[in-house]
Structures are given as structure tokens and as C-alpha cells.
Amino acid sequence: MIKSGSLIVSAQAQVGSPLRKPDILAAIAVEAVAAGAAAVRVQGVETILAVTKVVKVPVIGLIKTDRYGFDMKITAIADEVEAIAHAGAKIVAIDATDRIRPEPLNELFERARECKLEIFADIATLAEGAAAQELGATYIGTTMAGYTVQREMSVGPDFELLEQLVSAVQTPIILEGRVSTKEQLERGFALGAHAVVVGRAITSPRTIIQSLLGR
């Protein structure tokens, strides 16, 4: 269970990064929790296994896979949901956007419930959030806002979508995507976010340095 007012750290690394190793990402997760993170979001079975061994906070697991003919990458088939459960995560992040899918979304949600997993629905629009609520999502995150053709990318976090979701649905809403400052974190909570995810601004030295250098 992700508590209200939580800071979640997404401990992931870009493809090609030397940090993209389970033991390194597990160490980052430990450091994040020691600093106050109330949950961590991690990708890949080996990394989930490594992280669940060293932290006591909720682990949000996902599997990213490139699929020919499909744009979505985040946990899009039932086998991935099961693998995440077996790796020890208690929450599964699922791409819940309205795009062509390899397997029906309602079946993924049902498999997650069978595996005793809470469901973190990654969406990009208000309509997708409402649909995720109808399917029984435990949490709805703005993770995909700006990364699909359905919604233009905002400069910084998509606070407009956050406000729309908080007003329209009862499922806890989590602000995720391009959060990089204390002011953005606080604004997210002030607008009604149940929790806020920070990723690259904490865990990606490359992104942080490029931002400082204006690149």
C-alpha cells in the first residue's frame, strides 16, 4: 500500500547506462529509502528481485519490452504480470493507455488481482484514467502524459491532467513525469496528488548534468 503524501523514487537507468545493473539499482533504492522515499519503482525481473531483498517499502515492478507493431512497452502481457509477482513486487505498473494492445487490458488487471498485486495504471489522458478506475486500478499515474499522441507533452509535470483526474475520479492519483524540484513536488501534493514519483532528477546523473549544462 502506497501511503498518502508519499515520495516514490523510480530507480531505473537508461539503456546503455553503466548504472543499468541490478546490484547498482538496488543500492540506489536503498539510498533513496534511507533518505525518505516511501516506495520505489523498478524495471526488470532481476532488478525487482535485487531490490525486494534490500528494502522494506512497497516495490512497484514493471517490465519494459519492445514489441513489433505495438508502441507500449510497460507490462503489456499477462506473463509479465506473473513474472513481476514471482519476483516479489507487491504492486505492478501496467500501461493503461488507449493504444493497440498485445493483450486486453481487463485481462491484465484480472491476472494482477489473481497474483495478489495492487495495480498502478500508467495513463496519459483523463479518459484513460476513468477507464482504469472502472477496471479496478489501485492507483492511477500520469506516467504516460506527453508520451502518446493523445496528449501533448507539458513543460515539467502535467499539473493540468493531475487536476482533471483528482476532480473526476476517486482512485488515488499519482503524479509522475518530469518532476525535478521541491516546488513541483509540493505543488503536486497541493493539487491533490496521493503520491509523487521522482525519477531521473534523482537517479540519472546524465540527465542531471545535461540539465545543469543546458543541453
# chains A, B, ... in the order shown; residues from 1 in each chain; ligands from 1

$ residues_around --residues "region 85-93 of chain A" --least-positions-apart "4" --cutoff "7 Å" --atoms "only C-alpha atoms" --output "PyMOL selection string"
chain A and resi 45+48-49+52+58-62+75+81+115+117-122

$ residues_around --residues "Ala37 (chain A)" --least-positions-apart "4" --cutoff "10 Å" --atoms "only C-alpha atoms" --output "ChimeraX atom specification"
/A:6-10,29-33,57,197-198

$ write_last_selection --atoms "all heavy atoms" --output "PDB file, in the first residue's frame"
ATOM      1  N   SER A   6       3.210  10.286  -0.027  1.00  0.00           N
ATOM      2  CA  SER A   6       4.482   9.604  -0.241  1.00  0.00           C
ATOM      3  C   SER A   6       5.286  10.184  -1.396  1.00  0.00           C
ATOM      4  O   SER A   6       4.739  10.603  -2.420  1.00  0.00           O
ATOM      5  CB  SER A   6       4.237   8.121  -0.546  1.00  0.00           C
ATOM      6  OG  SER A   6       3.709   7.443   0.556  1.00  0.00           O
ATOM      7  N   LEU A   7       6.598  10.156  -1.224  1.00  0.00           N
ATOM      8  CA  LEU A   7       7.534  10.384  -2.329  1.00  0.00           C
ATOM      9  C   LEU A   7       7.997   9.010  -2.801  1.00  0.00           C
ATOM     10  O   LEU A   7       8.486   8.203  -2.005  1.00  0.00           O
ATOM     11  CB  LEU A   7       8.736  11.213  -1.896  1.00  0.00           C
ATOM     12  CG  LEU A   7       9.914  11.260  -2.885  1.00  0.00           C
ATOM     13  CD1 LEU A   7       9.499  11.950  -4.174  1.00  0.00           C
ATOM     14  CD2 LEU A   7      11.120  11.941  -2.271  1.00  0.00           C
ATOM     15  N   ILE A   8       7.810   8.743  -4.076  1.00  0.00           N
ATOM     16  CA  ILE A   8       8.240   7.493  -4.686  1.00  0.00           C
ATOM     17  C   ILE A   8       9.437   7.784  -5.572  1.00  0.00           C
ATOM     18  O   ILE A   8       9.435   8.760  -6.329  1.00  0.00           O
ATOM     19  CB  ILE A   8       7.114   6.876  -5.536  1.00  0.00           C
ATOM     20  CG1 ILE A   8       5.873   6.623  -4.671  1.00  0.00           C
ATOM     21  CG2 ILE A   8       7.574   5.590  -6.218  1.00  0.00           C
ATOM     22  CD1 ILE A   8       4.626   6.305  -5.488  1.00  0.00           C
ATOM     23  N   VAL A   9      10.458   6.964  -5.497  1.00  0.00           N
ATOM     24  CA  VAL A   9      11.626   7.138  -6.360  1.00  0.00           C
ATOM     25  C   VAL A   9      11.641   6.033  -7.411  1.00  0.00           C
ATOM     26  O   VAL A   9      11.560   4.847  -7.080  1.00  0.00           O
ATOM     27  CB  VAL A   9      12.939   7.129  -5.556  1.00  0.00           C
ATOM     28  CG1 VAL A   9      14.151   7.069  -6.489  1.00  0.00           C
ATOM     29  CG2 VAL A   9      13.022   8.381  -4.689  1.00  0.00           C
ATOM     30  N   SER A  10      11.736   6.443  -8.663  1.00  0.00           N
ATOM     31  CA  SER A  10      11.859   5.492  -9.764  1.00  0.00           C
ATOM     32  C   SER A  10      13.346   5.223  -9.980  1.00  0.00           C
ATOM     33  O   SER A  10      14.075   6.046 -10.537  1.00  0.00           O
ATOM     34  CB  SER A  10      11.234   6.079 -11.040  1.00  0.00           C
ATOM     35  OG  SER A  10      11.317   5.166 -12.099  1.00  0.00           O
ATOM     36  N   ALA A  29      18.196   2.243  -4.689  1.00  0.00           N
ATOM     37  CA  ALA A  29      16.917   2.123  -3.983  1.00  0.00           C
ATOM     38  C   ALA A  29      17.111   2.209  -2.479  1.00  0.00           C
ATOM     39  O   ALA A  29      16.340   2.878  -1.772  1.00  0.00           O
ATOM     40  CB  ALA A  29      16.238   0.809  -4.361  1.00  0.00           C
ATOM     41  N   VAL A  30      18.135   1.545  -1.959  1.00  0.00           N
ATOM     42  CA  VAL A  30      18.429   1.601  -0.524  1.00  0.00           C
ATOM     43  C   VAL A  30      18.718   3.035  -0.095  1.00  0.00           C
ATOM     44  O   VAL A  30      18.223   3.512   0.935  1.00  0.00           O
ATOM     45  CB  VAL A  30      19.623   0.682  -0.177  1.00  0.00           C
ATOM     46  CG1 VAL A  30      20.105   0.934   1.244  1.00  0.00           C
ATOM     47  CG2 VAL A  30      19.238  -0.784  -0.352  1.00  0.00           C
ATOM     48  N   GLU A  31      19.521   3.725  -0.875  1.00  0.00           N
ATOM     49  CA  GLU A  31      19.859   5.114  -0.564  1.00  0.00           C
ATOM     50  C   GLU A  31      18.619   6.003  -0.596  1.00  0.00           C
ATOM     51  O   GLU A  31      18.438   6.885   0.257  1.00  0.00           O
ATOM     52  CB  GLU A  31      20.899   5.616  -1.572  1.00  0.00           C
ATOM     53  CG  GLU A  31      21.475   6.990  -1.267  1.00  0.00           C
ATOM     54  CD  GLU A  31      22.503   6.978  -0.152  1.00  0.00           C
ATOM     55  OE1 GLU A  31      22.668   5.933   0.516  1.00  0.00           O
ATOM     56  OE2 GLU A  31      23.129   8.017   0.061  1.00  0.00           O
ATOM     57  N   ALA A  32      17.742   5.766  -1.584  1.00  0.00           N
ATOM     58  CA  ALA A  32      16.520   6.558  -1.693  1.00  0.00           C
ATOM     59  C   ALA A  32      15.616   6.342  -0.483  1.00  0.00           C
ATOM     60  O   ALA A  32      15.056   7.299   0.074  1.00  0.00           O
ATOM     61  CB  ALA A  32      15.777   6.193  -2.981  1.00  0.00           C
ATOM     62  N   VAL A  33      15.477   5.095  -0.069  1.00  0.00           N
ATOM     63  CA  VAL A  33      14.636   4.793   1.097  1.00  0.00           C
ATOM     64  C   VAL A  33      15.229   5.396   2.364  1.00  0.00           C
ATOM     65  O   VAL A  33      14.513   5.944   3.208  1.00  0.00           O
ATOM     66  CB  VAL A  33      14.458   3.265   1.242  1.00  0.00           C
ATOM     67  CG1 VAL A  33      13.764   2.926   2.558  1.00  0.00           C
ATOM     68  CG2 VAL A  33      13.666   2.714   0.064  1.00  0.00           C
ATOM     69  N   VAL A  57      10.088  -1.121   1.910  1.00  0.00           N
ATOM     70  CA  VAL A  57       8.980  -0.314   1.398  1.00  0.00           C
ATOM     71  C   VAL A  57       8.344  -1.006   0.198  1.00  0.00           C
ATOM     72  O   VAL A  57       8.930  -1.927  -0.383  1.00  0.00           O
ATOM     73  CB  VAL A  57       9.474   1.091   0.996  1.00  0.00           C
ATOM     74  CG1 VAL A  57      10.085   1.813   2.188  1.00  0.00           C
ATOM     75  CG2 VAL A  57      10.461   1.002  -0.164  1.00  0.00           C
ATOM     76  N   VAL A 197       6.016  10.711  -7.920  1.00  0.00           N
ATOM     77  CA  VAL A 197       7.178   9.933  -8.340  1.00  0.00           C
ATOM     78  C   VAL A 197       8.246  10.872  -8.891  1.00  0.00           C
ATOM     79  O   VAL A 197       7.958  11.742  -9.716  1.00  0.00           O
ATOM     80  CB  VAL A 197       6.813   8.910  -9.435  1.00  0.00           C
ATOM     81  CG1 VAL A 197       8.053   8.125  -9.885  1.00  0.00           C
ATOM     82  CG2 VAL A 197       5.740   7.958  -8.937  1.00  0.00           C
ATOM     83  N   VAL A 198       9.476  10.683  -8.435  1.00  0.00           N
ATOM     84  CA  VAL A 198      10.627  11.385  -8.994  1.00  0.00           C
ATOM     85  C   VAL A 198      11.589  10.329  -9.512  1.00  0.00           C
ATOM     86  O   VAL A 198      11.885   9.353  -8.812  1.00  0.00           O
ATOM     87  CB  VAL A 198      11.323  12.280  -7.945  1.00  0.00           C
ATOM     88  CG1 VAL A 198      12.482  13.036  -8.593  1.00  0.00           C
ATOM     89  CG2 VAL A 198      10.331  13.255  -7.336  1.00  0.00           C
TER      90      VAL A 198
END

$ atom_distance --atom1 "CA of Tyr139 (chain A)" --atom2 "CA of Glu160 (chain A)"
17.9 Å

$ select_by_dssp --residues "chain A" --states "alpha helix (DSSP H)" --output "PyMOL selection string"
chain A and resi 22-35+45-52+78-87+105-114+126-135+159-168+182-190+200-203+205-212

$ atom_distance --atom1 "CA of Gly192 (chain A)" --atom2 "CA of Met144 (chain A)"
18.6 Å

$ residues_around --residues "region 96-108 of chain A" --least-positions-apart "4" --cutoff "9 Å" --atoms "only C-alpha atoms" --output "JSON, numbers by chain"
{"A": [67, 69, 70, 71, 72, 75, 76, 77, 78, 81, 112, 113, 121, 122, 123, 124, 125, 127, 128, 129, 131, 132, 135, 144, 148, 150]}

$ write_last_selection --atoms "C-alpha atoms" --output "CSV table (one decimal), in the first residue's frame"
chain,number,residue,atom,x,y,z
A,67,ARG,CA,7.3,-5.2,-29.3
A,69,GLY,CA,3.7,-3.5,-34.1
A,70,PHE,CA,3.0,-2.0,-30.6
A,71,ASP,CA,4.0,1.3,-29.1
A,72,MET,CA,3.5,0.4,-25.5
A,75,THR,CA,4.0,-4.5,-18.7
A,76,ALA,CA,1.6,-5.3,-21.5
A,77,ILE,CA,1.1,-9.1,-21.3
A,78,ALA,CA,-0.1,-11.5,-18.6
A,81,VAL,CA,2.5,-9.6,-14.7
A,112,ALA,CA,-2.8,-8.9,-11.4
A,113,ARG,CA,-5.6,-9.4,-8.9
A,121,ALA,CA,-2.2,2.2,-14.0
A,122,ASP,CA,0.1,4.3,-16.2
A,123,ILE,CA,-2.1,6.6,-18.3
A,124,ALA,CA,-1.8,9.7,-20.5
A,125,THR,CA,-5.4,11.2,-20.5
A,127,ALA,CA,-10.4,9.3,-20.4
A,128,GLU,CA,-7.8,6.6,-19.8
A,129,GLY,CA,-7.8,7.4,-16.1
A,131,ALA,CA,-11.3,3.7,-17.8
A,132,ALA,CA,-8.6,2.4,-15.4
A,135,LEU,CA,-11.3,-1.7,-14.4
A,144,MET,CA,2.5,8.5,-19.9
A,148,THR,CA,1.5,9.3,-26.6
A,150,GLN,CA,-3.3,11.6,-27.3

$ closest_residue --among "A:Lys56, A:Arg151, A:Arg206, A:Lys116" --to "Ala34 (chain A)" --atoms "only C-alpha atoms"
A:Lys56

$ closest_residue --among "A:Met1, A:Ile63, A:Ile173, A:Ile94" --to "Ala39 (chain A)" --atoms "only C-alpha atoms"
A:Met1

$ residues_around --residues "region 199-205 of chain A" --least-positions-apart "6" --cutoff "9 Å" --atoms "only C-alpha atoms" --output "PyMOL selection string"
chain A and resi 8-14+19+25+28+32+41+176-181

$ write_last_selection --atoms "all heavy atoms" --output "short mmCIF file (atom, residue, chain, number, x, y, z; two decimals), in the first residue's frame"
data_model
loop_
_atom_site.label_atom_id
_atom_site.label_comp_id
_atom_site.auth_asym_id
_atom_site.auth_seq_id
_atom_site.Cartn_x
_atom_site.Cartn_y
_atom_site.Cartn_z
N ILE A 8 7.81 8.74 -4.08
CA ILE A 8 8.24 7.49 -4.69
C ILE A 8 9.44 7.78 -5.57
O ILE A 8 9.43 8.76 -6.33
CB ILE A 8 7.11 6.88 -5.54
CG1 ILE A 8 5.87 6.62 -4.67
CG2 ILE A 8 7.57 5.59 -6.22
CD1 ILE A 8 4.63 6.31 -5.49
N VAL A 9 10.46 6.96 -5.50
CA VAL A 9 11.63 7.14 -6.36
C VAL A 9 11.64 6.03 -7.41
O VAL A 9 11.56 4.85 -7.08
CB VAL A 9 12.94 7.13 -5.56
CG1 VAL A 9 14.15 7.07 -6.49
CG2 VAL A 9 13.02 8.38 -4.69
N SER A 10 11.74 6.44 -8.66
CA SER A 10 11.86 5.49 -9.76
C SER A 10 13.35 5.22 -9.98
O SER A 10 14.07 6.05 -10.54
CB SER A 10 11.23 6.08 -11.04
OG SER A 10 11.32 5.17 -12.10
N ALA A 11 13.80 4.06 -9.50
CA ALA A 11 15.22 3.71 -9.57
C ALA A 11 15.47 2.90 -10.84
O ALA A 11 15.57 1.67 -10.81
CB ALA A 11 15.63 2.92 -8.34
N GLN A 12 15.55 3.61 -11.95
CA GLN A 12 15.78 2.98 -13.24
C GLN A 12 16.97 3.66 -13.92
O GLN A 12 17.39 4.74 -13.52
CB GLN A 12 14.53 3.08 -14.12
CG GLN A 12 13.31 2.40 -13.51
CD GLN A 12 12.11 2.45 -14.44
OE1 GLN A 12 12.17 2.04 -15.59
NE2 GLN A 12 11.00 2.96 -13.92
N ALA A 13 17.49 3.00 -14.94
CA ALA A 13 18.61 3.56 -15.69
C ALA A 13 18.33 3.38 -17.17
O ALA A 13 17.70 2.40 -17.59
CB ALA A 13 19.92 2.89 -15.31
N GLN A 14 18.79 4.33 -17.96
CA GLN A 14 18.56 4.28 -19.39
C GLN A 14 19.35 3.14 -20.03
O GLN A 14 20.40 2.72 -19.53
CB GLN A 14 18.97 5.61 -20.02
CG GLN A 14 18.20 6.82 -19.49
CD GLN A 14 18.67 8.12 -20.08
OE1 GLN A 14 18.84 8.24 -21.29
NE2 GLN A 14 18.92 9.10 -19.23
N LEU A 19 24.94 2.20 -15.13
CA LEU A 19 24.17 2.01 -13.90
C LEU A 19 23.08 0.95 -14.05
O LEU A 19 22.46 0.55 -13.07
CB LEU A 19 23.52 3.32 -13.47
CG LEU A 19 24.44 4.50 -13.18
CD1 LEU A 19 23.62 5.71 -12.77
CD2 LEU A 19 25.45 4.15 -12.11
N LEU A 25 21.29 -0.63 -9.05
CA LEU A 25 19.97 -0.04 -8.87
C LEU A 25 19.40 -0.38 -7.50
O LEU A 25 18.69 0.43 -6.90
CB LEU A 25 19.04 -0.51 -9.99
CG LEU A 25 19.42 0.02 -11.38
CD1 LEU A 25 18.61 -0.67 -12.47
CD2 LEU A 25 19.25 1.53 -11.47
N ILE A 28 20.93 2.07 -5.18
CA ILE A 28 20.26 3.37 -5.33
C ILE A 28 18.92 3.35 -4.58
O ILE A 28 18.55 4.32 -3.91
CB ILE A 28 20.05 3.70 -6.82
CG1 ILE A 28 21.40 3.98 -7.49
CG2 ILE A 28 19.11 4.90 -6.98
CD1 ILE A 28 21.31 4.16 -8.99
N ALA A 32 17.74 5.77 -1.58
CA ALA A 32 16.52 6.56 -1.69
C ALA A 32 15.62 6.34 -0.48
O ALA A 32 15.06 7.30 0.07
CB ALA A 32 15.78 6.19 -2.98
N ARG A 41 10.10 2.39 -7.59
CA ARG A 41 9.59 1.85 -8.85
C ARG A 41 10.79 1.34 -9.65
O ARG A 41 11.73 2.12 -9.93
CB ARG A 41 8.83 2.94 -9.60
CG ARG A 41 8.28 2.52 -10.97
CD ARG A 41 7.43 3.64 -11.56
NE ARG A 41 7.17 3.42 -12.97
CZ ARG A 41 5.97 3.35 -13.53
NH1 ARG A 41 4.90 3.48 -12.78
NH2 ARG A 41 5.83 3.17 -14.83
N GLU A 176 3.40 11.60 -11.88
CA GLU A 176 4.67 11.05 -12.36
C GLU A 176 4.99 11.65 -13.72
O GLU A 176 4.12 11.82 -14.55
CB GLU A 176 4.62 9.52 -12.46
CG GLU A 176 5.94 8.93 -12.95
CD GLU A 176 6.00 7.42 -12.85
OE1 GLU A 176 4.98 6.78 -12.51
OE2 GLU A 176 7.08 6.85 -13.12
N GLY A 177 6.25 11.97 -13.91
CA GLY A 177 6.68 12.51 -15.19
C GLY A 177 7.23 13.91 -15.07
O GLY A 177 6.51 14.85 -14.78
N ARG A 178 8.55 14.03 -15.23
CA ARG A 178 9.24 15.33 -15.30
C ARG A 178 9.17 16.14 -14.01
O ARG A 178 9.18 17.36 -14.03
CB ARG A 178 8.71 16.13 -16.51
CG ARG A 178 8.86 15.39 -17.81
CD ARG A 178 8.28 16.16 -19.00
NE ARG A 178 6.84 16.33 -18.94
CZ ARG A 178 5.95 15.37 -19.24
NH1 ARG A 178 6.37 14.18 -19.61
NH2 ARG A 178 4.65 15.60 -19.18
N VAL A 179 9.09 15.46 -12.88
CA VAL A 179 9.16 16.13 -11.58
C VAL A 179 10.63 16.25 -11.20
O VAL A 179 11.34 15.25 -11.13
CB VAL A 179 8.41 15.35 -10.49
CG1 VAL A 179 8.53 16.07 -9.15
CG2 VAL A 179 6.94 15.15 -10.87
N SER A 180 11.09 17.48 -10.95
CA SER A 180 12.53 17.66 -10.72
C SER A 180 12.86 18.66 -9.62
O SER A 180 14.03 18.83 -9.29
CB SER A 180 13.22 18.10 -12.01
OG SER A 180 12.70 19.34 -12.47
N THR A 181 11.86 19.32 -9.03
CA THR A 181 12.15 20.32 -8.00
C THR A 181 11.23 20.15 -6.80
O THR A 181 10.15 19.53 -6.89
CB THR A 181 11.96 21.75 -8.54
OG1 THR A 181 10.56 21.98 -8.80
CG2 THR A 181 12.77 21.97 -9.80
#

$ closest_residue --among "A:Asp79, A:Glu46, A:Asp95, A:Glu186" --to "Ala137 (chain A)" --atoms "only C-alpha atoms"
A:Asp95

$ residues_around --residues "Ile174 (chain A)" --least-positions-apart "3" --cutoff "6 Å" --atoms "only C-alpha atoms" --output "PyMOL selection string"
chain A and resi 140-141+193-196

$ select_by_dssp --residues "region 2-211 of chain A" --states "strand (DSSP E or B)" --output "PyMOL selection string"
chain A and resi 6-10+39-43+59-62+64+67+70+74+91-95+118-122+139-141+173-176+195-198

$ closest_residue --among "A:Gln184, A:Thr171, A:Gln43, A:Ser211" --to "Ser4 (chain A)" --atoms "only C-alpha atoms"
A:Thr171

$ atom_distance --atom1 "CA of Ala27 (chain A)" --atom2 "CA of Ile208 (chain A)"
18.7 Å
